[in-house]
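Visitor: Here you go, protein-v6.cif (mmCIF, C-alpha atoms):
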data_final
#
loop_
_atom_site.label_atom_id
_atom_site.label_comp_id
_atom_site.auth_asym_id
_atom_site.auth_seq_id
_atom_site.Cartn_x
_atom_site.Cartn_y
_atom_site.Cartn_z
CA MET A 102 66.88 124.14 40.75
CA LYS A 103 69.63 121.65 40.00
CA ARG A 104 70.37 118.63 42.18
CA GLU A 105 74.00 119.67 42.56
CA ASP A 106 72.90 122.80 44.41
CA VAL A 107 71.79 120.69 47.39
CA GLU A 108 74.13 119.15 49.94
CA HIS A 109 72.10 117.02 52.30
CA ASP A 110 73.07 116.51 55.91
CA ASP A 111 71.12 113.28 55.74
CA PRO A 112 69.54 111.34 52.88
CA GLU A 113 66.33 111.23 54.89
CA ASP A 114 66.27 114.97 55.47
CA LEU A 115 62.59 115.92 55.37
CA ALA A 116 62.60 118.13 58.44
CA ASP A 117 62.55 121.65 57.07
CA ARG A 118 61.76 121.77 53.39
CA LEU A 119 62.02 125.29 52.09
CA PRO A 120 58.61 126.73 51.27
CA ALA A 121 59.16 127.33 47.57
CA ALA A 122 62.18 125.22 46.76
CA THR A 123 60.47 121.99 45.78
CA THR A 124 56.96 122.97 44.76
CA LYS A 125 55.35 123.90 41.48
CA LYS A 126 52.74 126.17 42.99
CA ARG A 127 54.66 129.36 42.25
CA ALA A 128 53.54 129.65 38.66
CA LYS A 129 53.64 133.44 38.83
CA THR A 130 57.27 133.57 39.92
CA LYS A 131 59.51 135.32 37.44
CA THR A 132 63.17 134.21 37.44
CA THR A 133 66.08 136.21 36.01
CA ARG A 134 69.36 134.29 35.81
CA THR A 135 72.74 135.99 36.19
CA THR A 136 76.26 134.63 36.44
CA THR A 137 76.37 134.88 40.23
CA SER A 138 72.81 134.47 41.49
CA VAL A 139 69.17 134.08 40.64
CA THR A 140 66.92 137.06 41.23
CA ILE A 141 63.40 135.98 42.08
CA THR A 142 60.51 138.37 41.79
CA ASP A 143 57.40 137.04 43.45
CA THR A 144 54.17 138.94 42.98
CA LYS A 145 53.10 137.90 46.48
CA SER A 146 56.41 138.53 48.30
CA ARG A 147 55.81 142.29 48.63
CA SER A 148 53.10 141.76 51.21
CA PRO A 149 54.21 140.27 54.56
CA ARG A 150 53.35 136.67 55.26
CA LYS A 151 50.52 136.37 57.71
CA SER A 152 51.39 134.80 61.03
CA LYS A 153 50.55 131.12 60.87
CA VAL A 154 49.25 129.65 64.09
CA ILE A 155 51.52 126.77 65.06
CA PRO A 156 49.75 124.05 67.09
CA GLN A 157 51.24 123.51 70.53
CA SER A 158 49.45 120.44 71.85
CA LEU A 159 47.47 117.34 70.92
CA ALA A 160 43.79 116.96 71.70
CA VAL A 161 44.65 113.60 73.26
CA PRO A 162 48.17 113.44 74.77
CA HIS A 163 50.46 110.73 73.48
CA PRO A 164 51.39 108.20 76.20
CA ALA A 165 54.99 108.09 77.40
CA PRO A 166 56.81 105.09 75.90
CA GLU A 167 58.14 102.39 78.17
CA ARG A 168 61.75 102.74 79.34
CA TRP A 169 62.16 106.09 77.57
CA LYS A 170 64.08 107.52 80.53
CA GLU A 171 66.59 104.68 80.39
CA ALA A 172 67.13 105.30 76.69
CA HIS A 173 67.39 109.07 77.22
CA ASP A 174 69.99 108.71 79.97
CA ALA A 175 72.00 106.17 77.96
CA ILE A 176 72.11 108.49 74.94
CA LYS A 177 73.09 111.42 77.15
CA GLU A 178 75.94 109.38 78.63
CA MET A 179 77.19 108.36 75.17
CA ARG A 180 76.99 111.97 73.98
CA SER A 181 79.18 113.08 76.89
CA ARG A 182 81.96 110.80 75.65
CA VAL A 183 81.88 111.54 71.93
CA PRO A 184 81.93 115.15 70.61
CA ALA A 185 79.73 115.87 67.60
CA PRO A 186 79.83 118.58 64.90
CA VAL A 187 76.76 120.25 66.41
CA ASP A 188 78.71 120.82 69.65
CA THR A 189 81.17 123.21 68.01
CA MET A 190 79.36 124.37 64.86
CA GLY A 191 75.68 124.48 65.86
CA CYS A 192 73.45 127.55 65.79
CA ASP A 193 74.21 128.24 69.45
CA GLN A 194 77.85 128.95 68.67
CA VAL A 195 77.57 131.79 66.14
CA GLN A 196 76.16 134.30 68.64
CA TRP A 197 79.41 134.43 70.60
CA LYS A 198 81.14 136.15 67.66
CA GLU A 199 78.84 139.16 67.88
CA GLN A 200 78.98 141.98 70.43
CA ASP A 201 75.56 143.57 70.04
CA PRO A 202 72.66 141.55 71.57
CA LYS A 203 70.46 142.12 68.53
CA ASN A 204 73.22 140.92 66.25
CA ASN A 205 73.65 137.85 68.47
CA ARG A 206 70.03 136.91 67.93
CA PHE A 207 70.09 137.76 64.23
CA ALA A 208 73.22 135.63 63.68
CA THR A 209 71.46 132.71 65.36
CA LEU A 210 68.48 133.09 63.02
CA ILE A 211 70.72 133.35 59.95
CA SER A 212 72.58 130.20 60.98
CA LEU A 213 69.29 128.32 61.32
CA MET A 214 68.03 129.56 57.95
CA LEU A 215 71.23 128.39 56.26
CA SER A 216 71.31 125.04 58.07
CA SER A 217 68.31 123.48 56.38
CA GLN A 218 69.49 120.46 54.34
CA THR A 219 73.11 121.46 54.92
CA LYS A 220 75.86 119.96 57.04
CA ASP A 221 76.93 121.84 60.18
CA LYS A 222 80.47 122.29 58.88
CA VAL A 223 79.23 123.88 55.67
CA THR A 224 76.74 126.09 57.54
CA ASP A 225 79.39 127.29 59.98
CA ALA A 226 81.75 128.23 57.15
CA ALA A 227 78.95 130.02 55.27
CA VAL A 228 77.98 132.10 58.32
CA ALA A 229 81.61 133.13 58.84
CA LYS A 230 82.00 134.06 55.17
CA LEU A 231 78.75 136.02 55.17
CA ARG A 232 79.79 137.89 58.31
CA THR A 233 83.03 138.96 56.62
CA ALA A 234 81.27 139.83 53.36
CA VAL A 235 78.77 142.22 54.97
CA GLY A 236 81.29 144.07 57.14
CA ARG A 237 82.51 141.68 59.86
CA SER A 238 79.26 141.83 61.82
CA LEU A 239 75.94 140.16 61.05
CA SER A 240 73.34 142.86 61.50
CA VAL A 241 69.97 143.47 59.90
CA ASP A 242 71.12 146.74 58.33
CA ALA A 243 74.31 145.16 56.95
CA VAL A 244 72.38 142.39 55.23
CA ILE A 245 69.86 144.84 53.78
CA ALA A 246 72.69 147.03 52.46
CA ALA A 247 74.52 144.09 50.86
CA ASP A 248 73.64 143.21 47.28
CA GLU A 249 72.37 139.77 46.41
CA ALA A 250 75.53 138.76 44.57
CA THR A 251 77.57 139.33 47.73
CA ILE A 252 75.24 137.21 49.85
CA SER A 253 74.98 134.49 47.19
CA ASP A 254 78.75 134.22 46.88
CA ALA A 255 79.13 133.91 50.66
CA ILE A 256 76.53 131.16 51.11
CA SER A 257 76.93 129.34 47.78
CA LYS A 258 78.03 126.09 49.46
CA VAL A 259 74.81 125.56 51.43
CA GLY A 260 71.79 123.71 50.10
CA PHE A 261 69.23 125.84 48.21
CA TRP A 262 71.55 128.86 48.40
CA ARG A 263 69.70 130.72 45.67
CA TRP A 264 66.42 130.59 47.57
CA LYS A 265 68.10 131.32 50.87
CA THR A 266 69.66 134.47 49.43
CA GLN A 267 66.16 135.76 48.79
CA TYR A 268 64.80 134.61 52.13
CA ILE A 269 67.62 136.24 54.09
CA LYS A 270 67.13 139.56 52.29
CA GLN A 271 63.36 139.46 52.72
CA ALA A 272 63.58 138.39 56.36
CA ALA A 273 66.02 141.20 57.18
CA GLN A 274 63.63 143.72 55.63
CA ARG A 275 60.72 142.34 57.67
CA LEU A 276 62.76 142.46 60.88
CA ARG A 277 63.64 146.10 60.28
CA ASP A 278 60.12 147.16 59.29
CA ASP A 279 58.05 145.15 61.74
CA PHE A 280 60.27 144.06 64.66
CA ASP A 281 62.65 146.95 65.35
CA SER A 282 65.52 145.06 63.67
CA ASP A 283 65.30 142.26 66.19
CA VAL A 284 64.30 138.59 66.19
CA PRO A 285 60.63 138.10 67.20
CA LYS A 286 59.84 136.41 70.49
CA THR A 287 56.93 134.22 69.39
CA VAL A 288 56.77 131.10 67.24
CA ASP A 289 53.98 132.44 65.06
CA GLU A 290 55.84 135.66 64.26
CA LEU A 291 59.04 133.79 63.48
CA CYS A 292 57.19 131.44 61.14
CA SER A 293 55.80 134.47 59.30
CA LEU A 294 59.33 135.21 58.08
CA PRO A 295 60.32 133.85 54.65
CA GLY A 296 62.18 130.55 54.87
CA VAL A 297 61.50 129.97 58.58
CA GLY A 298 59.60 126.90 59.79
CA PRO A 299 58.62 125.57 63.23
CA LYS A 300 61.92 123.77 63.84
CA MET A 301 63.91 126.94 63.25
CA ALA A 302 61.46 129.02 65.26
CA PHE A 303 61.60 126.86 68.40
CA LEU A 304 65.39 126.61 68.25
CA ALA A 305 65.75 130.36 67.66
CA LEU A 306 63.64 131.09 70.73
CA GLN A 307 65.65 128.66 72.84
CA VAL A 308 69.05 129.95 71.75
CA ALA A 309 68.39 133.64 71.10
CA TRP A 310 65.85 134.41 73.81
CA LYS A 311 66.29 131.47 76.26
CA LEU A 312 62.59 130.70 75.85
CA ASN A 313 61.60 127.06 76.15
CA LEU A 314 58.32 127.02 74.21
CA GLY A 315 58.63 123.79 72.26
CA ILE A 316 60.89 121.19 70.70
CA GLY A 317 62.86 121.82 67.53
CA VAL A 318 62.46 118.61 65.52
CA ASP A 319 64.89 118.07 62.67
CA VAL A 320 65.67 114.96 60.63
CA HIS A 321 67.72 113.35 63.42
CA VAL A 322 65.06 113.81 66.09
CA HIS A 323 62.35 112.62 63.71
CA ARG A 324 64.31 109.56 62.61
CA ILE A 325 65.78 108.46 65.94
CA THR A 326 62.59 108.77 67.98
CA ASN A 327 60.84 106.60 65.42
CA GLN A 328 63.64 104.04 65.49
CA LEU A 329 63.32 103.92 69.27
CA SER A 330 59.55 103.35 68.89
CA TRP A 331 58.77 106.40 71.00
CA HIS A 332 55.60 106.82 68.93
CA GLN A 333 52.64 104.42 69.02
CA ARG A 334 52.52 104.65 65.25
CA PRO A 335 55.43 105.90 63.12
CA THR A 336 55.10 109.65 62.60
CA LYS A 337 54.91 110.93 59.04
CA ASN A 338 56.59 114.31 59.49
CA PRO A 339 58.59 116.39 62.01
CA GLU A 340 55.54 118.34 63.17
CA GLU A 341 53.71 115.15 64.11
CA THR A 342 56.85 114.02 65.93
CA ARG A 343 57.09 117.34 67.79
CA LEU A 344 53.51 117.27 69.04
CA ASN A 345 53.87 113.69 70.23
CA LEU A 346 57.10 114.41 72.10
CA GLN A 347 55.80 117.61 73.67
CA SER A 348 52.79 115.78 75.08
CA TRP A 349 54.81 113.40 77.28
CA LEU A 350 58.47 114.47 77.47
CA PRO A 351 59.04 116.57 80.63
CA LYS A 352 59.25 120.24 79.68
CA GLU A 353 62.65 120.69 81.29
CA LEU A 354 64.03 118.32 78.65
CA HIS A 355 62.47 120.11 75.66
CA SER A 356 65.35 122.51 75.18
CA GLU A 357 68.05 119.82 75.26
CA ILE A 358 66.51 116.94 73.34
CA ASN A 359 67.31 118.37 69.89
CA HIS A 360 70.98 119.01 70.64
CA MET A 361 71.37 115.60 72.26
CA LEU A 362 69.73 113.58 69.48
CA VAL A 363 71.34 115.56 66.67
CA GLY A 364 74.80 114.82 68.06
CA PHE A 365 73.82 111.18 68.63
CA GLY A 366 72.66 110.95 65.02
CA GLN A 367 75.91 112.49 63.79
CA THR A 368 78.24 110.18 65.73
CA VAL A 369 76.56 106.89 66.67
CA CYS A 370 73.06 106.44 65.24
CA LEU A 371 74.06 107.32 61.70
CA PRO A 372 71.36 107.20 59.01
CA VAL A 373 73.60 104.93 56.94
CA GLY A 374 75.81 102.41 58.72
CA PRO A 375 74.74 103.02 62.33
CA LYS A 376 77.26 101.95 64.97
CA CYS A 377 74.90 99.62 66.78
CA ASP A 378 77.76 97.43 67.99
CA SER A 379 79.12 100.28 70.11
CA CYS A 380 75.73 101.68 71.17
CA THR A 381 74.66 100.82 74.71
CA LEU A 382 71.01 100.94 73.67
CA SER A 383 71.58 97.72 71.74
CA SER A 384 73.04 95.75 74.63
CA ALA A 385 70.33 97.06 76.97
CA ARG A 386 67.64 96.14 74.44
CA LEU A 387 66.33 99.69 74.41
CA CYS A 388 66.35 100.07 70.63
CA PRO A 389 63.99 97.88 68.57
CA SER A 390 65.81 98.96 65.41
CA ALA A 391 69.29 97.84 66.50
CA GLN A 392 71.18 96.02 63.79
CA THR A 393 73.14 92.95 64.81
CA LYS A 394 76.64 92.66 63.41
CA LYS A 395 77.35 89.61 61.30
CA SER A 396 80.16 87.44 62.59
CA THR A 397 81.55 86.54 59.16
CA LYS A 398 82.33 88.60 56.11
CA ARG A 399 80.18 88.38 53.05
CA GLY A 400 81.36 85.60 50.77
CA SER A 401 83.52 83.88 53.40
CA ARG A 402 82.78 80.33 54.53
CA ASP A 403 82.78 79.23 58.11
CA PRO A 404 83.94 75.58 58.21
CA ALA A 405 82.18 75.03 61.52
CA SER A 406 78.87 76.03 59.99
CA THR A 407 79.20 74.18 56.67
CA ASN A 408 80.53 70.87 57.92
CA SER A 409 78.38 68.29 59.63
CA PRO A 410 79.06 67.43 63.29
CA ALA A 411 80.76 64.20 62.25
CA GLU A 412 83.08 66.00 59.83
CA SER A 413 84.10 68.56 62.42
CA GLU A 414 85.40 65.97 64.82
CA SER A 415 89.12 65.21 64.88
CA GLY A 416 90.52 62.02 63.40
CA PRO A 417 90.91 60.52 59.96
CA LYS A 418 88.06 60.54 57.54
CA ILE A 419 87.10 57.06 56.29
CA GLU A 420 84.93 56.56 53.26
CA ILE A 421 83.43 53.16 52.39
CA GLN A 422 82.24 52.63 48.86
CA MET A 423 79.87 49.77 48.23
CA GLY A 424 80.06 48.08 44.86
CA ASN A 425 77.18 46.63 42.92
CA PRO A 426 76.56 42.89 43.67
#
Can the structure from this file be put into structure tokens for me?
Guide:
Amino acid sequence: MKREDVEHDDPEDLADRLPAATTKKRAKTKTTRTTTSVTITDTKSRSPRKSKVIPQSLAVPHPAPERWKEAHDAIKEMRSRVPAPVDTMGCDQVQWKEQDPKNNRFATLISLMLSSQTKDKVTDAAVAKLRTAVGRSLSVDAVIAADEATISDAISKVGFWRWKTQYIKQAAQRLRDDFDSDVPKTVDELCSLPGVGPKMAFLALQVAWKLNLGIGVDVHVHRITNQLSWHQRPTKNPEETRLNLQSWLPKELHSEINHMLVGFGQTVCLPVGPKCDSCTLSSARLCPSAQTKKSTKRGSRDPASTNSPAESESGPKIEIQMGNP
């Protein structure tokens, strides 16, 4: 896969790596290249993936960090003042363009599958184009009936679009054969679908089924909670972050924390060039990672800082030169 095929939402995006996109373990995978798509024939893809048990709790709960509620409320207040891309183009928005309840849930799942390592704006456009391409309604049967070239052309702007074409087709087939053409209602069953990980599964359950069973941790949630020192030791991956958060964050906040922190990461706490000067967490000393803004530009000289106290005083400058005796 070429680098230009990937458009990252964030240079630190490690949240939902696609199962086969960046690994060399698929030695038996046969690839046939065409002008419009890549057809992947996997000797193991014909048999359904077994449900993987997703851990839900830690053996020893993680302690709640100090002043976390103050930080949470401050972020929530900032989010209420600044709209973010996720507010209008997130996975919770696509369902309103479908009439059938099953199609609502399927559209939500498709949006999540396309969103991995892709900006919200690009994902939203791809979902709309795919909906038009398969007959103006995103249904399991419509996706199964569509050929791969049609799907590939519709989603070609998203990251890993070649792999996602395969995953969408395979997932639609599984939904029809094993789940009555509907989105499963458990995390383990959702994660048995090709291209679906824990983050997508928890968010799909929250949005599609209104089931609050866990926290969807993406790159923003993983990054920001570490920057806020909400973990005793920095977490190494989104799953470690999720289990830590679920052990102390009140359950009623589980369904909103992703949306809140994603928008915060898109508008204020940017991965590159964060707006710490306008973030209330900085002034309240709630963020250990806050960056202080330099008062002078790089390369400029501040006379008050370079001159000695005597030189900065007003009045004529008198120099006395002593000659040799």
Visitor: Quick one: apply the PyMOL selection byres ((chain A and resi 344) around 9) to the file and drop the selected residues here as a list in words.
Guide: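 Here the PyMOL selection byres ((chain A and resi 344) around 9) matches Pro156, Gln157, Ser158, Leu159, Pro162, His163, Gly315, Ile316, Pro339, Glu340, Glu341, Thr342, Arg343, Asn345, Leu346, Gln347 and Ser348 of chain A.
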Visitor: Since we have the selection now, will you write its residues out, keeping C-alpha atoms, as a JSON list (two decimals), in the coordinates of the input?
Guide:
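Here's the written file selection_5.json:
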[["chain", "number", "residue", "atom", "x", "y", "z"],
["A", 156, "PRO", "CA", 49.75, 124.05, 67.09],
["A", 157, "GLN", "CA", 51.24, 123.51, 70.53],
["A", 158, "SER", "CA", 49.45, 120.44, 71.85],
["A", 159, "LEU", "CA", 47.47, 117.34, 70.92],
["A", 162, "PRO", "CA", 48.17, 113.44, 74.77],
["A", 163, "HIS", "CA", 50.46, 110.73, 73.48],
["A", 315, "GLY", "CA", 58.63, 123.79, 72.26],
["A", 316, "ILE", "CA", 60.89, 121.19, 70.70],
["A", 339, "PRO", "CA", 58.59, 116.39, 62.01],
["A", 340, "GLU", "CA", 55.54, 118.34, 63.17],
["A", 341, "GLU", "CA", 53.71, 115.15, 64.11],
["A", 342, "THR", "CA", 56.85, 114.02, 65.93],
["A", 343, "ARG", "CA", 57.09, 117.34, 67.79],
["A", 345, "ASN", "CA", 53.87, 113.69, 70.23],
["A", 346, "LEU", "CA", 57.10, 114.41, 72.10],
["A", 347, "GLN", "CA", 55.80, 117.61, 73.67],
["A", 348, "SER", "CA", 52.79, 115.78, 75.08]]
Visitor: Please identify all polymer residues within 9 Å of Trp331 in chain A, counting all atoms listed in the file, omitting same-chain residues fewer than 2 positions from it, and present them as a PDB file with C-alpha atoms, in the coordinates of the input.
Guide:
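result_29.pdb written:
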ATOM      1  CA  ALA A 165      54.990 108.090  77.400  1.00  0.00           C
ATOM      2  CA  PRO A 166      56.810 105.090  75.900  1.00  0.00           C
ATOM      3  CA  GLU A 167      58.140 102.390  78.170  1.00  0.00           C
ATOM      4  CA  TRP A 169      62.160 106.090  77.570  1.00  0.00           C
ATOM      5  CA  ILE A 325      65.780 108.460  65.940  1.00  0.00           C
ATOM      6  CA  THR A 326      62.590 108.770  67.980  1.00  0.00           C
ATOM      7  CA  ASN A 327      60.840 106.600  65.420  1.00  0.00           C
ATOM      8  CA  GLN A 328      63.640 104.040  65.490  1.00  0.00           C
ATOM      9  CA  LEU A 329      63.320 103.920  69.270  1.00  0.00           C
ATOM     10  CA  GLN A 333      52.640 104.420  69.020  1.00  0.00           C
ATOM     11  CA  ARG A 334      52.520 104.650  65.250  1.00  0.00           C
ATOM     12  CA  PRO A 335      55.430 105.900  63.120  1.00  0.00           C
ATOM     13  CA  ASN A 345      53.870 113.690  70.230  1.00  0.00           C
ATOM     14  CA  LEU A 346      57.100 114.410  72.100  1.00  0.00           C
TER      15      LEU A 346
END
Visitor: Here is a test: counting all atoms listed in the file, which residue of A:Ser383, A:Ser253, A:Thr209, A:Ser216 is nearest to Ala234 in chain A?
Guide: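 Checking each candidate against Ala234 in chain A, we get A:Ser253 as the closest.
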Visitor: To one decimal place, how far is CA of Ala160 in chain A from CA of Leu312 in chain A in Å?
Guide: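 Going from CA of Ala160 in chain A over to CA of Leu312 in chain A, I get 23.7 Å.
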Visitor: Can you tell me how far CA of Lys352 in chain A sits from CA of Val308 in chain A, in Å to one decimal?
Guide: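 The value is 15.9 Å.
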Visitor: To verify the selection step, state as a list in words which residues the PyMOL selection byres ((chain A and resi 365) around 9) yields on this input.
Guide: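 This file, filtered by the PyMOL selection byres ((chain A and resi 365) around 9), leaves Ile176, Lys177, Met179, Arg180, Val183, Ala185, His321, Ile325, His360, Met361, Leu362, Val363, Gly364, Gly366, Gln367, Thr368, Val369, Cys370 and Leu371 of chain A.
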Visitor: May I ask which of the residues A:Val318, A:Cys388, A:Ala208, A:Leu306 is the closest one to Ala273 in chain A, counting all atoms listed in the file?
Guide: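 Among A:Val318, A:Cys388, A:Ala208, A:Leu306, it is A:Ala208 that comes nearest to Ala273 in chain A.
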Visitor: For Trp310 in chain A, please output as a ChimeraX atom specification all residues within 9 Å (counting all atoms listed in the file; exclusion window: fewer than 5 positions along the same chain).
Guide: /A:206,284,286,305
